[in-house]
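Undergrad: What follows is start08.cif, made up of mmCIF, C-alpha atoms:
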data_structure
#
loop_
_atom_site.label_atom_id
_atom_site.label_comp_id
_atom_site.auth_asym_id
_atom_site.auth_seq_id
_atom_site.Cartn_x
_atom_site.Cartn_y
_atom_site.Cartn_z
CA MET V 15 48.87 -75.01 2.28
CA ALA V 16 47.75 -72.52 4.85
CA LEU V 17 50.22 -72.60 7.70
CA THR V 18 49.12 -69.80 9.90
CA LEU V 19 50.40 -68.70 13.28
CA TYR V 20 47.18 -69.97 14.78
CA SER V 21 47.80 -73.50 13.55
CA LEU V 22 51.33 -73.35 14.93
CA ILE V 23 49.97 -72.36 18.34
CA GLN V 24 47.43 -75.19 18.12
CA THR V 25 50.17 -77.68 17.29
CA ALA V 26 52.31 -76.47 20.16
CA ILE V 27 49.43 -76.75 22.63
CA LEU V 28 48.56 -80.26 21.45
CA CYS V 29 52.16 -81.47 21.62
CA THR V 30 52.73 -80.05 25.09
CA ASN V 31 49.48 -81.59 26.24
CA ALA V 32 50.64 -84.93 24.94
CA ILE V 33 53.91 -84.65 26.84
CA ALA V 34 52.15 -83.55 30.00
CA VAL V 35 49.65 -86.42 29.94
CA LEU V 36 52.38 -89.04 29.54
CA HIS V 37 52.52 -91.62 32.30
CA GLU V 38 56.16 -92.15 32.93
CA GLU V 39 56.29 -95.58 34.44
CA ARG V 40 53.97 -97.41 32.12
CA PHE V 41 55.28 -95.85 28.97
CA LEU V 42 58.95 -95.75 29.69
CA ARG V 43 59.09 -99.30 31.00
CA LYS V 44 58.29 -100.45 27.49
CA ILE V 45 61.09 -98.34 26.10
CA GLY V 46 63.32 -99.91 28.67
CA SER V 47 64.51 -97.00 30.72
CA GLY V 48 62.86 -96.17 34.01
CA VAL V 49 62.83 -92.88 35.76
CA ASP V 50 65.11 -94.08 38.50
CA GLN V 51 67.93 -95.13 36.22
CA GLY V 52 68.88 -91.64 35.37
CA VAL V 53 72.08 -90.37 33.95
CA THR V 54 75.16 -92.53 34.40
CA GLY V 55 78.09 -90.27 33.73
CA PHE V 56 78.16 -86.75 34.97
CA GLY V 57 80.87 -85.15 32.91
CA ASP V 58 80.30 -86.84 29.59
CA ASP V 59 77.59 -86.26 27.13
CA PRO V 60 74.54 -88.15 28.35
CA GLY V 61 73.48 -89.60 25.03
CA ILE V 62 70.29 -89.02 23.16
CA LYS V 63 67.95 -91.21 25.24
CA ALA V 64 68.85 -89.53 28.49
CA GLN V 65 68.52 -86.13 26.84
CA VAL V 66 65.02 -86.96 25.63
CA LEU V 67 64.01 -88.14 29.08
CA ASN V 68 65.49 -85.02 30.58
CA LEU V 69 63.57 -82.90 28.14
CA ILE V 70 60.29 -84.68 28.82
CA ARG V 71 60.71 -84.40 32.56
CA SER V 72 61.60 -80.73 32.45
CA VAL V 73 58.72 -79.91 30.10
CA ARG V 74 56.32 -81.65 32.45
CA THR V 75 57.60 -79.81 35.46
CA VAL V 76 57.68 -76.39 33.88
CA MET V 77 54.57 -76.43 31.73
CA ARG V 78 52.02 -78.05 34.05
CA VAL V 79 50.48 -74.91 35.48
CA PRO V 80 50.66 -72.74 32.33
CA LEU V 81 49.08 -75.60 30.38
CA ILE V 82 46.11 -75.61 32.71
CA ILE V 83 45.62 -71.92 32.11
CA VAL V 84 46.10 -72.14 28.35
CA ASN V 85 43.79 -75.14 28.01
CA THR V 86 41.05 -73.48 29.99
CA ALA V 87 41.37 -70.34 27.90
CA SER V 88 41.23 -72.26 24.62
CA ILE V 89 38.21 -74.30 25.79
CA VAL V 90 36.36 -71.12 26.69
CA LEU V 91 37.32 -69.46 23.39
CA LEU V 92 36.28 -72.47 21.34
CA LEU V 93 32.95 -72.64 23.14
CA LEU V 94 32.27 -68.99 22.54
CA PHE V 95 33.56 -68.56 19.01
CA GLY V 96 33.51 -72.02 17.51
CA MET R 1 80.04 -53.89 24.75
CA ASP R 2 80.35 -50.19 24.41
CA LEU R 3 77.63 -49.68 21.87
CA PRO R 4 74.50 -49.54 24.06
CA HIS R 5 75.88 -46.87 26.33
CA HIS R 6 77.15 -45.06 23.33
CA GLY R 7 73.67 -45.13 22.00
CA TYR R 8 71.73 -44.07 25.06
CA ARG R 9 73.53 -41.22 26.72
CA PRO R 10 74.10 -38.81 23.87
CA SER R 11 70.50 -39.18 22.81
CA LYS R 12 69.23 -38.24 26.25
CA GLN R 13 71.41 -35.20 26.25
CA ARG R 14 70.11 -34.28 22.88
CA GLY R 15 66.55 -34.70 24.02
CA ARG R 16 66.93 -32.26 26.84
CA GLY R 17 69.31 -29.92 25.14
CA ASN R 18 67.41 -29.58 21.95
CA ALA R 19 65.59 -26.42 22.81
CA THR R 20 68.38 -24.69 24.65
CA GLY R 21 71.68 -25.61 22.98
CA GLY R 22 70.89 -25.73 19.32
CA GLU R 23 74.39 -24.90 18.11
CA SER R 24 75.99 -27.94 19.74
CA MET R 25 73.94 -30.21 17.47
CA LEU R 26 75.80 -28.97 14.44
CA PHE R 27 79.10 -30.19 15.82
CA GLU R 28 77.85 -33.50 17.11
CA ASP R 29 75.79 -34.95 14.36
CA THR R 30 78.56 -35.69 11.88
CA SER R 31 79.68 -38.86 13.65
CA THR R 32 78.35 -41.73 11.59
CA ALA R 33 78.71 -44.24 14.42
CA GLU R 34 76.15 -42.43 16.51
CA MET R 35 73.81 -42.06 13.58
CA ASN R 36 73.81 -45.76 12.96
CA THR R 37 73.48 -47.08 16.46
CA GLN R 38 70.88 -44.81 17.83
CA GLY R 39 68.09 -45.80 15.54
CA TYR R 40 65.29 -43.59 14.59
CA TYR R 41 65.05 -40.69 16.95
CA THR R 42 68.29 -38.92 16.12
CA PRO R 43 67.40 -38.19 12.49
CA GLY R 44 64.34 -36.40 13.76
CA TYR R 45 66.38 -34.26 16.08
CA ASN R 46 69.10 -33.65 13.52
CA MET R 47 66.69 -32.49 10.89
CA ALA R 48 64.84 -30.25 13.30
CA ALA R 49 67.91 -28.52 14.65
CA PRO R 50 69.54 -26.98 11.54
CA PRO R 51 66.44 -25.14 10.25
CA ASN R 52 65.93 -23.68 13.70
CA ASP R 53 69.50 -22.56 13.79
CA THR R 54 69.53 -21.02 10.37
CA GLN R 55 66.41 -19.01 11.01
CA ALA R 56 66.55 -17.30 14.34
CA GLY R 57 69.15 -18.89 16.56
CA VAL R 58 68.85 -17.60 20.06
CA ASN R 59 65.79 -15.51 19.22
CA ASN R 60 63.80 -18.69 18.77
CA LEU R 61 63.88 -19.23 22.50
CA PHE R 62 62.41 -15.87 23.33
CA ALA R 63 59.85 -15.67 20.58
CA ASP R 64 57.91 -18.77 21.49
CA PRO R 65 58.38 -20.00 25.03
CA MET R 66 55.23 -22.07 24.90
CA ALA R 67 56.54 -24.09 21.98
CA ASN R 68 59.83 -24.60 23.78
CA ALA R 69 58.07 -25.78 26.90
CA ALA R 70 55.92 -28.10 24.80
CA VAL R 71 58.96 -29.51 23.02
CA MET R 72 60.75 -30.15 26.28
CA TYR R 73 57.70 -31.70 27.88
CA GLY R 74 57.09 -33.88 24.87
CA SER R 75 60.68 -35.05 24.72
CA SER R 76 60.70 -35.88 28.42
CA LEU R 77 57.46 -37.84 27.97
CA ALA R 78 59.00 -39.69 25.05
CA ASN R 79 62.06 -40.52 27.13
CA GLN R 80 59.88 -41.85 29.92
CA GLY R 81 57.91 -43.99 27.52
CA LYS R 82 61.09 -45.26 25.94
CA ASP R 83 62.52 -46.22 29.34
CA MET R 84 59.35 -48.05 30.28
CA VAL R 85 59.22 -49.96 27.01
CA ASN R 86 62.87 -50.91 27.32
CA LYS R 87 62.38 -52.18 30.82
CA GLU R 88 59.44 -54.34 29.80
CA ILE R 89 61.14 -55.74 26.75
CA SER R 90 64.40 -56.49 28.51
CA ARG R 91 62.53 -58.91 30.73
CA PHE R 92 61.94 -61.21 27.77
CA MET R 93 64.97 -60.77 25.63
CA SER R 94 68.23 -59.01 26.00
CA VAL R 95 68.04 -55.79 24.05
CA ASN R 96 71.83 -55.46 23.96
CA LYS R 97 72.16 -58.78 22.24
CA LEU R 98 69.55 -57.73 19.72
CA LYS R 99 71.35 -54.44 19.10
CA TYR R 100 74.47 -56.37 18.21
CA PHE R 101 72.65 -57.93 15.30
CA PHE R 102 71.45 -54.65 13.89
CA ALA R 103 74.79 -52.83 14.06
CA VAL R 104 75.40 -52.91 10.33
CA ASP R 105 76.45 -50.47 7.69
CA THR R 106 76.11 -50.36 3.92
CA ARG R 107 79.53 -51.80 3.22
CA TYR R 108 78.72 -54.88 5.30
CA VAL R 109 75.31 -55.32 3.69
CA VAL R 110 76.70 -55.14 0.17
CA LYS R 111 79.51 -57.57 0.93
CA LYS R 112 77.19 -59.97 2.68
CA LEU R 113 74.69 -59.98 -0.17
CA MET R 114 77.48 -60.72 -2.61
CA ILE R 115 78.70 -63.55 -0.41
CA LEU R 116 75.17 -64.95 -0.19
CA MET R 117 74.79 -64.99 -3.95
CA PHE R 118 78.32 -66.05 -4.81
CA PRO R 119 80.10 -67.63 -1.84
CA TYR R 120 82.64 -69.62 -3.80
CA THR R 121 85.41 -67.05 -3.79
CA HIS R 122 85.17 -66.08 -0.13
CA GLN R 123 88.25 -67.32 1.66
CA ASP R 124 88.04 -66.71 5.34
CA TRP R 125 84.85 -67.88 7.04
CA GLU R 126 86.01 -67.54 10.61
CA VAL R 127 84.06 -65.22 12.89
CA ARG R 128 86.59 -62.96 14.54
CA TYR R 129 86.48 -62.28 18.24
CA HIS R 130 87.70 -59.41 20.32
CA ARG R 131 88.53 -60.60 23.82
CA ASP R 132 85.81 -63.25 24.00
CA THR R 133 83.03 -61.19 22.55
CA PRO R 134 82.22 -61.56 18.88
CA LEU R 135 82.82 -58.54 16.71
CA THR R 136 79.85 -56.60 15.44
CA PRO R 137 78.78 -57.12 11.85
CA ARG R 138 80.16 -53.71 11.03
CA GLN R 139 83.68 -54.92 11.72
CA ASP R 140 83.47 -58.53 10.64
CA VAL R 141 81.83 -59.66 7.46
CA ASN R 142 81.32 -63.21 8.70
CA ALA R 143 79.22 -62.23 11.68
CA PRO R 144 75.49 -63.01 11.37
CA ASP R 145 73.11 -60.10 11.45
CA LEU R 146 69.37 -59.72 11.63
CA TYR R 147 69.04 -56.70 9.38
CA ILE R 148 69.35 -58.56 6.10
CA PRO R 149 66.89 -61.33 7.07
CA THR R 150 64.30 -58.84 8.27
CA MET R 151 64.53 -56.67 5.20
CA ALA R 152 64.59 -59.69 2.92
CA PHE R 153 61.50 -61.11 4.61
CA ILE R 154 59.56 -57.88 4.12
CA THR R 155 60.77 -57.58 0.53
CA TYR R 156 59.72 -61.16 -0.10
CA ILE R 157 56.20 -60.44 1.15
CA LEU R 158 55.94 -57.37 -1.06
CA LEU R 159 57.30 -59.29 -4.02
CA ALA R 160 54.81 -62.09 -3.42
CA GLY R 161 52.01 -59.56 -3.46
CA MET R 162 53.32 -58.12 -6.71
CA ALA R 163 53.68 -61.55 -8.30
CA LEU R 164 50.15 -62.48 -7.33
CA GLY R 165 48.90 -59.15 -8.62
CA ILE R 166 50.55 -59.76 -11.99
CA GLN R 167 48.69 -63.03 -12.22
CA LYS R 168 45.49 -61.34 -11.06
CA ARG R 169 45.24 -63.58 -8.03
CA PHE R 170 45.80 -60.88 -5.47
CA SER R 171 43.71 -60.15 -2.42
CA PRO R 172 44.85 -58.73 0.93
CA GLU R 173 44.13 -61.97 2.76
CA VAL R 174 46.51 -63.86 0.53
CA LEU R 175 49.28 -61.44 1.44
CA GLY R 176 48.77 -62.02 5.14
CA LEU R 177 48.60 -65.75 4.54
CA CYS R 178 51.87 -65.71 2.63
CA ALA R 179 53.54 -63.68 5.35
CA SER R 180 52.40 -65.91 8.17
CA THR R 181 53.30 -69.08 6.26
CA ALA R 182 56.84 -67.87 5.71
CA LEU R 183 57.12 -66.78 9.34
CA VAL R 184 55.83 -70.13 10.58
CA TRP R 185 58.36 -71.99 8.47
CA VAL R 186 61.16 -69.90 9.95
CA ILE R 187 59.90 -70.62 13.47
CA ILE R 188 59.62 -74.35 12.73
CA GLU R 189 63.10 -74.48 11.30
CA VAL R 190 64.62 -72.63 14.23
CA LEU R 191 62.80 -74.87 16.73
CA VAL R 192 63.90 -78.03 14.96
CA MET R 193 67.49 -76.78 14.89
CA LEU R 194 67.41 -75.92 18.58
CA LEU R 195 65.86 -79.26 19.45
CA SER R 196 68.39 -81.25 17.46
CA LEU R 197 71.29 -79.26 18.86
CA TYR R 198 70.03 -79.89 22.37
CA LEU R 199 69.24 -83.58 21.94
CA LEU R 200 72.55 -84.41 20.37
CA THR R 201 74.36 -82.37 23.03
CA VAL R 202 76.24 -80.26 20.60
CA HIS R 203 77.70 -77.50 22.70
CA SER R 204 77.97 -74.69 20.23
CA ASP R 205 77.73 -70.99 20.86
CA LEU R 206 74.87 -70.59 18.44
CA SER R 207 72.21 -68.56 20.19
CA THR R 208 68.58 -68.36 19.12
CA PHE R 209 69.18 -65.10 17.30
CA ASP R 210 72.08 -66.63 15.38
CA LEU R 211 69.81 -69.42 14.18
CA ILE R 212 67.10 -66.96 13.22
CA ALA R 213 69.71 -65.01 11.27
CA TYR R 214 71.05 -68.04 9.42
CA SER R 215 67.61 -69.29 8.58
CA GLY R 216 66.54 -65.84 7.42
CA TYR R 217 69.30 -65.62 4.86
CA LYS R 218 67.34 -67.86 2.53
CA TYR R 219 64.91 -65.03 1.84
CA VAL R 220 67.59 -63.33 -0.21
CA GLY R 221 67.75 -66.40 -2.42
CA MET R 222 63.98 -66.51 -2.57
CA ILE R 223 63.76 -62.91 -3.72
CA PHE R 224 66.31 -63.53 -6.45
CA THR R 225 64.46 -66.66 -7.58
CA VAL R 226 61.07 -64.98 -7.70
CA LEU R 227 62.47 -62.00 -9.60
CA CYS R 228 64.07 -64.22 -12.20
CA GLY R 229 60.89 -66.22 -12.45
CA LEU R 230 58.85 -63.11 -13.07
CA LEU R 231 61.28 -61.65 -15.57
CA PHE R 232 62.31 -64.73 -17.54
CA GLY R 233 59.43 -67.14 -17.11
CA SER R 234 59.55 -70.72 -15.96
CA ASP R 235 63.04 -71.49 -17.31
CA GLY R 236 64.54 -68.50 -15.58
CA TYR R 237 62.81 -69.57 -12.39
CA PHE R 238 64.41 -73.01 -12.37
CA VAL R 239 67.84 -71.70 -13.31
CA ALA R 240 67.70 -69.12 -10.54
CA LEU R 241 66.38 -71.75 -8.12
CA ALA R 242 69.32 -74.02 -8.87
CA TRP R 243 71.81 -71.18 -8.60
CA SER R 244 70.55 -69.76 -5.32
CA SER R 245 70.09 -73.24 -3.82
CA CYS R 246 73.70 -74.16 -4.50
CA ALA R 247 74.98 -70.83 -3.27
CA LEU R 248 72.87 -70.98 -0.13
CA MET R 249 73.82 -74.58 0.63
CA PHE R 250 77.48 -73.73 0.27
CA PHE R 251 77.08 -70.68 2.47
CA ILE R 252 75.21 -72.53 5.22
CA VAL R 253 77.61 -75.46 5.26
CA ARG R 254 80.69 -73.25 5.43
CA SER R 255 79.24 -70.93 8.07
CA LEU R 256 77.76 -73.58 10.35
CA ARG R 257 80.77 -75.80 10.02
CA MET R 258 82.81 -73.16 11.76
CA LYS R 259 80.33 -72.87 14.57
CA ILE R 260 79.12 -76.43 15.10
CA LEU R 261 81.95 -78.72 14.18
CA THR R 262 84.82 -76.95 15.86
CA SER R 263 82.96 -75.93 19.01
CA LEU R 264 84.55 -76.70 22.36
CA ALA R 265 86.96 -79.25 21.03
CA SER R 266 88.74 -79.35 24.37
CA ASP R 267 85.66 -80.54 26.22
CA SER R 268 85.83 -84.29 26.79
CA MET R 269 87.40 -85.15 23.52
CA SER R 270 88.69 -88.48 24.77
CA THR R 271 85.33 -89.81 25.89
CA GLY R 272 83.51 -88.55 22.84
CA SER R 273 82.75 -91.36 20.47
CA SER R 274 83.64 -91.34 16.86
CA ALA R 275 80.03 -90.61 16.03
CA LYS R 276 80.25 -87.06 17.26
CA PRO R 277 81.76 -85.31 14.24
CA GLN R 278 79.51 -87.37 12.00
CA VAL R 279 76.43 -86.34 13.90
CA ARG R 280 77.39 -82.71 13.68
CA MET R 281 78.00 -83.07 9.98
CA TYR R 282 74.56 -84.62 9.63
CA ILE R 283 72.97 -81.64 11.30
CA THR R 284 74.79 -79.24 9.03
CA MET R 285 73.94 -81.20 5.92
CA ALA R 286 70.30 -81.55 6.95
CA THR R 287 70.04 -77.81 7.44
CA ALA R 288 71.65 -77.19 4.08
CA VAL R 289 69.40 -79.64 2.24
CA PHE R 290 66.32 -78.16 3.85
CA GLN R 291 66.95 -74.75 2.32
CA PRO R 292 66.26 -75.55 -1.37
CA ILE R 293 63.17 -77.51 -0.40
CA ILE R 294 61.69 -74.61 1.47
CA ILE R 295 62.69 -72.15 -1.23
CA TYR R 296 60.87 -74.22 -3.80
CA TRP R 297 57.88 -74.70 -1.53
CA LEU R 298 57.44 -71.05 -0.77
CA THR R 299 58.02 -69.65 -4.24
CA SER R 300 56.62 -72.17 -6.70
CA HIS R 301 53.05 -71.02 -6.27
CA LEU R 302 54.07 -67.48 -7.12
CA VAL R 303 55.58 -68.32 -10.49
CA ARG R 304 53.24 -70.54 -12.39
#
Can I see the file as structure tokens?
TA:
Amino acid sequence: MALTLYSLIQTAILCTNAIAVLHEERFLRKIGSGVDQGVTGFGDDPGIKAQVLNLIRSVRTVMRVPLIIVNTASIVLLLLFG
Amino acid sequence: MDLPHHGYRPSKQRGRGNATGGESMLFEDTSTAEMNTQGYYTPGYNMAAPPNDTQAGVNNLFADPMANAAVMYGSSLANQGKDMVNKEISRFMSVNKLKYFFAVDTRYVVKKLMILMFPYTHQDWEVRYHRDTPLTPRQDVNAPDLYIPTMAFITYILLAGMALGIQKRFSPEVLGLCASTALVWVIIEVLVMLLSLYLLTVHSDLSTFDLIAYSGYKYVGMIFTVLCGLLFGSDGYFVALAWSSCALMFFIVRSLRMKILTSLASDSMSTGSSAKPQVRMYITMATAVFQPIIIYWLTSHLVR
């Protein structure tokens, strides 16, 4: 089982792409928690669902621009080197 | 704390004073603390200074001024390069924090290896603090370090190459593949640990380096298992696998229990549900159970 660093990078790019392409309203309405509900308590632990939403939202905000760059680079590299 | 400054300033003085004040080196280099914390450039200076002193002493300066100028120029260039590299690296990760993990000595390494292989008699698992900062591994045997995992990782790669060579299946690509597979598994494990600690809002003081250290300790068990498998055949391999799995699981559970389960108990204890200690226990147990699986996965193909 050849787990190389390259396959790890590929996995990371694919997963971050998946998170970035997610449409919040349509998807999260099925799960039953909209974007506007947010976190109820401020001092307590928010619970796992709110943490996941927080994580998804922060990944989308932070990684949008670097993902564009990385995707363009990988498309160019795959075109050139197969 | 004090260690980084302790490490930087004397070395700079040595770099500039090497050509001029050779005799002062003889009085300074016997401090073992400086030898350990400063890394690799002090042995070079220490070994260069005594032969110079025994030969000519002060005459060395007059006999070859060009060499002295070259030595001083070279050492100033090296210092400049070192400063630049440090500045670049300290943008990404804190070098001081990394130095804490490599501040070890032989006594600590021997004790830690014995604890890793036989943790059942070790009594006190608490990491000791000194005014809010954790003690260095040199002073506290329970502190995690990165020296043992790094060395064990490299030894494991070399041992894998040797095992494959014994079975006549060796080629340089396989060695690189083995190394990157092991590294990727470490990265995956650390990422999964970080993710689960974040999602379940477990406020522990486990930093990324701590997790890398704890997940790198399994390489010691792997080395022991592969060695027994090579020496004693398939039976020895399974016996050693069972032994090191149990020892490693015990070690991980006891160490992480201190850090995860008792972390920040004063923070919102009343509103925390009864699921909290259970969840933390699940994380610890999952980490512990993962270790034998990965040990078997990474070593079984070496000992057929």
Undergrad: When you count all atoms listed in the file, which of these residues is closest to chain V: R:Ile154, R:Ile188, R:Val104, R:Ile115?
TA: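 Counting all atoms listed in the file, the residue closest to chain V is R:Ile188.
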Undergrad: Can you turn the PyMOL selection byres ((chain V) within 6 of (chain R)) into a concrete residue list for this file, as a PDB file with C-alpha atoms, in the coordinates of the input?
TA:
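Wrote selection-v5.pdb, looks like this:
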ATOM      1  CA  LEU V  17      50.220 -72.600   7.700  1.00  0.00           C
ATOM      2  CA  THR V  18      49.120 -69.800   9.900  1.00  0.00           C
ATOM      3  CA  ILE V  62      70.290 -89.020  23.160  1.00  0.00           C
ATOM      4  CA  GLN V  65      68.520 -86.130  26.840  1.00  0.00           C
TER       5      GLN V  65
END
Undergrad: With all atoms listed in the file as the basis for distance, which of V:Ala32, V:Leu42, V:Ile82, V:Leu22 is at the shortest distance from Val66 (chain V)?
TA: V:Leu42
Undergrad: So what does the PyMOL selection byres ((chain V and resi 84) around 12) actually pick up in this one, as a CSV table (one decimal) with C-alpha atoms, keeping the file's coordinate frame?
TA:
chain,number,residue,atom,x,y,z
V,23,ILE,CA,50.0,-72.4,18.3
V,24,GLN,CA,47.4,-75.2,18.1
V,26,ALA,CA,52.3,-76.5,20.2
V,27,ILE,CA,49.4,-76.8,22.6
V,28,LEU,CA,48.6,-80.3,21.4
V,30,THR,CA,52.7,-80.0,25.1
V,31,ASN,CA,49.5,-81.6,26.2
V,77,MET,CA,54.6,-76.4,31.7
V,78,ARG,CA,52.0,-78.0,34.0
V,79,VAL,CA,50.5,-74.9,35.5
V,80,PRO,CA,50.7,-72.7,32.3
V,81,LEU,CA,49.1,-75.6,30.4
V,82,ILE,CA,46.1,-75.6,32.7
V,83,ILE,CA,45.6,-71.9,32.1
V,85,ASN,CA,43.8,-75.1,28.0
V,86,THR,CA,41.0,-73.5,30.0
V,87,ALA,CA,41.4,-70.3,27.9
V,88,SER,CA,41.2,-72.3,24.6
V,89,ILE,CA,38.2,-74.3,25.8
V,90,VAL,CA,36.4,-71.1,26.7
V,91,LEU,CA,37.3,-69.5,23.4
Undergrad: If you apply the PyMOL selection byres ((chain R and resi 237) around 10) to this file, what residues do you get, as a list in words?
TA: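 Evaluating the PyMOL selection byres ((chain R and resi 237) around 10) on these coordinates yields Phe224, Thr225, Val226, Leu227, Cys228, Gly229, Leu230, Leu231, Phe232, Gly233, Ser234, Asp235, Gly236, Phe238, Val239, Ala240, Leu241, Ala242, Trp243, Tyr296, Thr299, Ser300, Val303 and Arg304 of chain R.
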Undergrad: Would you compute the distance between CA of Leu67 (chain V) and CA of Leu197 (chain R)? Give it in Å to one decimal.
TA: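 Separation of CA of Leu67 (chain V) and CA of Leu197 (chain R): 15.4 Å.
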Undergrad: Which residues come within 8 Å of region 209-220 of chain R, counting only C-alpha atoms, excluding same-chain residues fewer than 4 positions away, as a PyMOL selection string?
TA: chain R and resi 98+113+116+144-146+148-150+152-153+156+186+189-190+193+224+248+252+291+295
Undergrad: Between CA of Leu158 (chain R) and CA of Phe250 (chain R), what is the distance, to one decimal in Å?
TA: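 These atoms are spaced 27.1 Å apart.
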Undergrad: With all atoms listed in the file as the basis for distance, which of R:Ile294, R:Val110, R:Ile89, R:Val95 is at the shortest distance from Met222 (chain R)?
TA: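 Once distances to Met222 (chain R) are computed over all atoms listed in the file, the minimum belongs to R:Ile294.
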Undergrad: Grab the CA of Pro65 (chain R) to CA of Asn79 (chain R) distance for me, in Å with one decimal place.
TA: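 Taking CA of Pro65 (chain R) and CA of Asn79 (chain R), their separation equals 21.0 Å.
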Undergrad: Which centre and which edge lengths, in Å to one decimal, describe the axis-aligned box that holds all listed atoms of region 141-157 of chain R after 4 Å is added on each side, as lines of an AutoDock Vina configuration file?
TA:
center_x = 69.0
center_y = -59.9
center_z = 5.8
size_x = 33.6
size_y = 14.5
size_z = 19.8
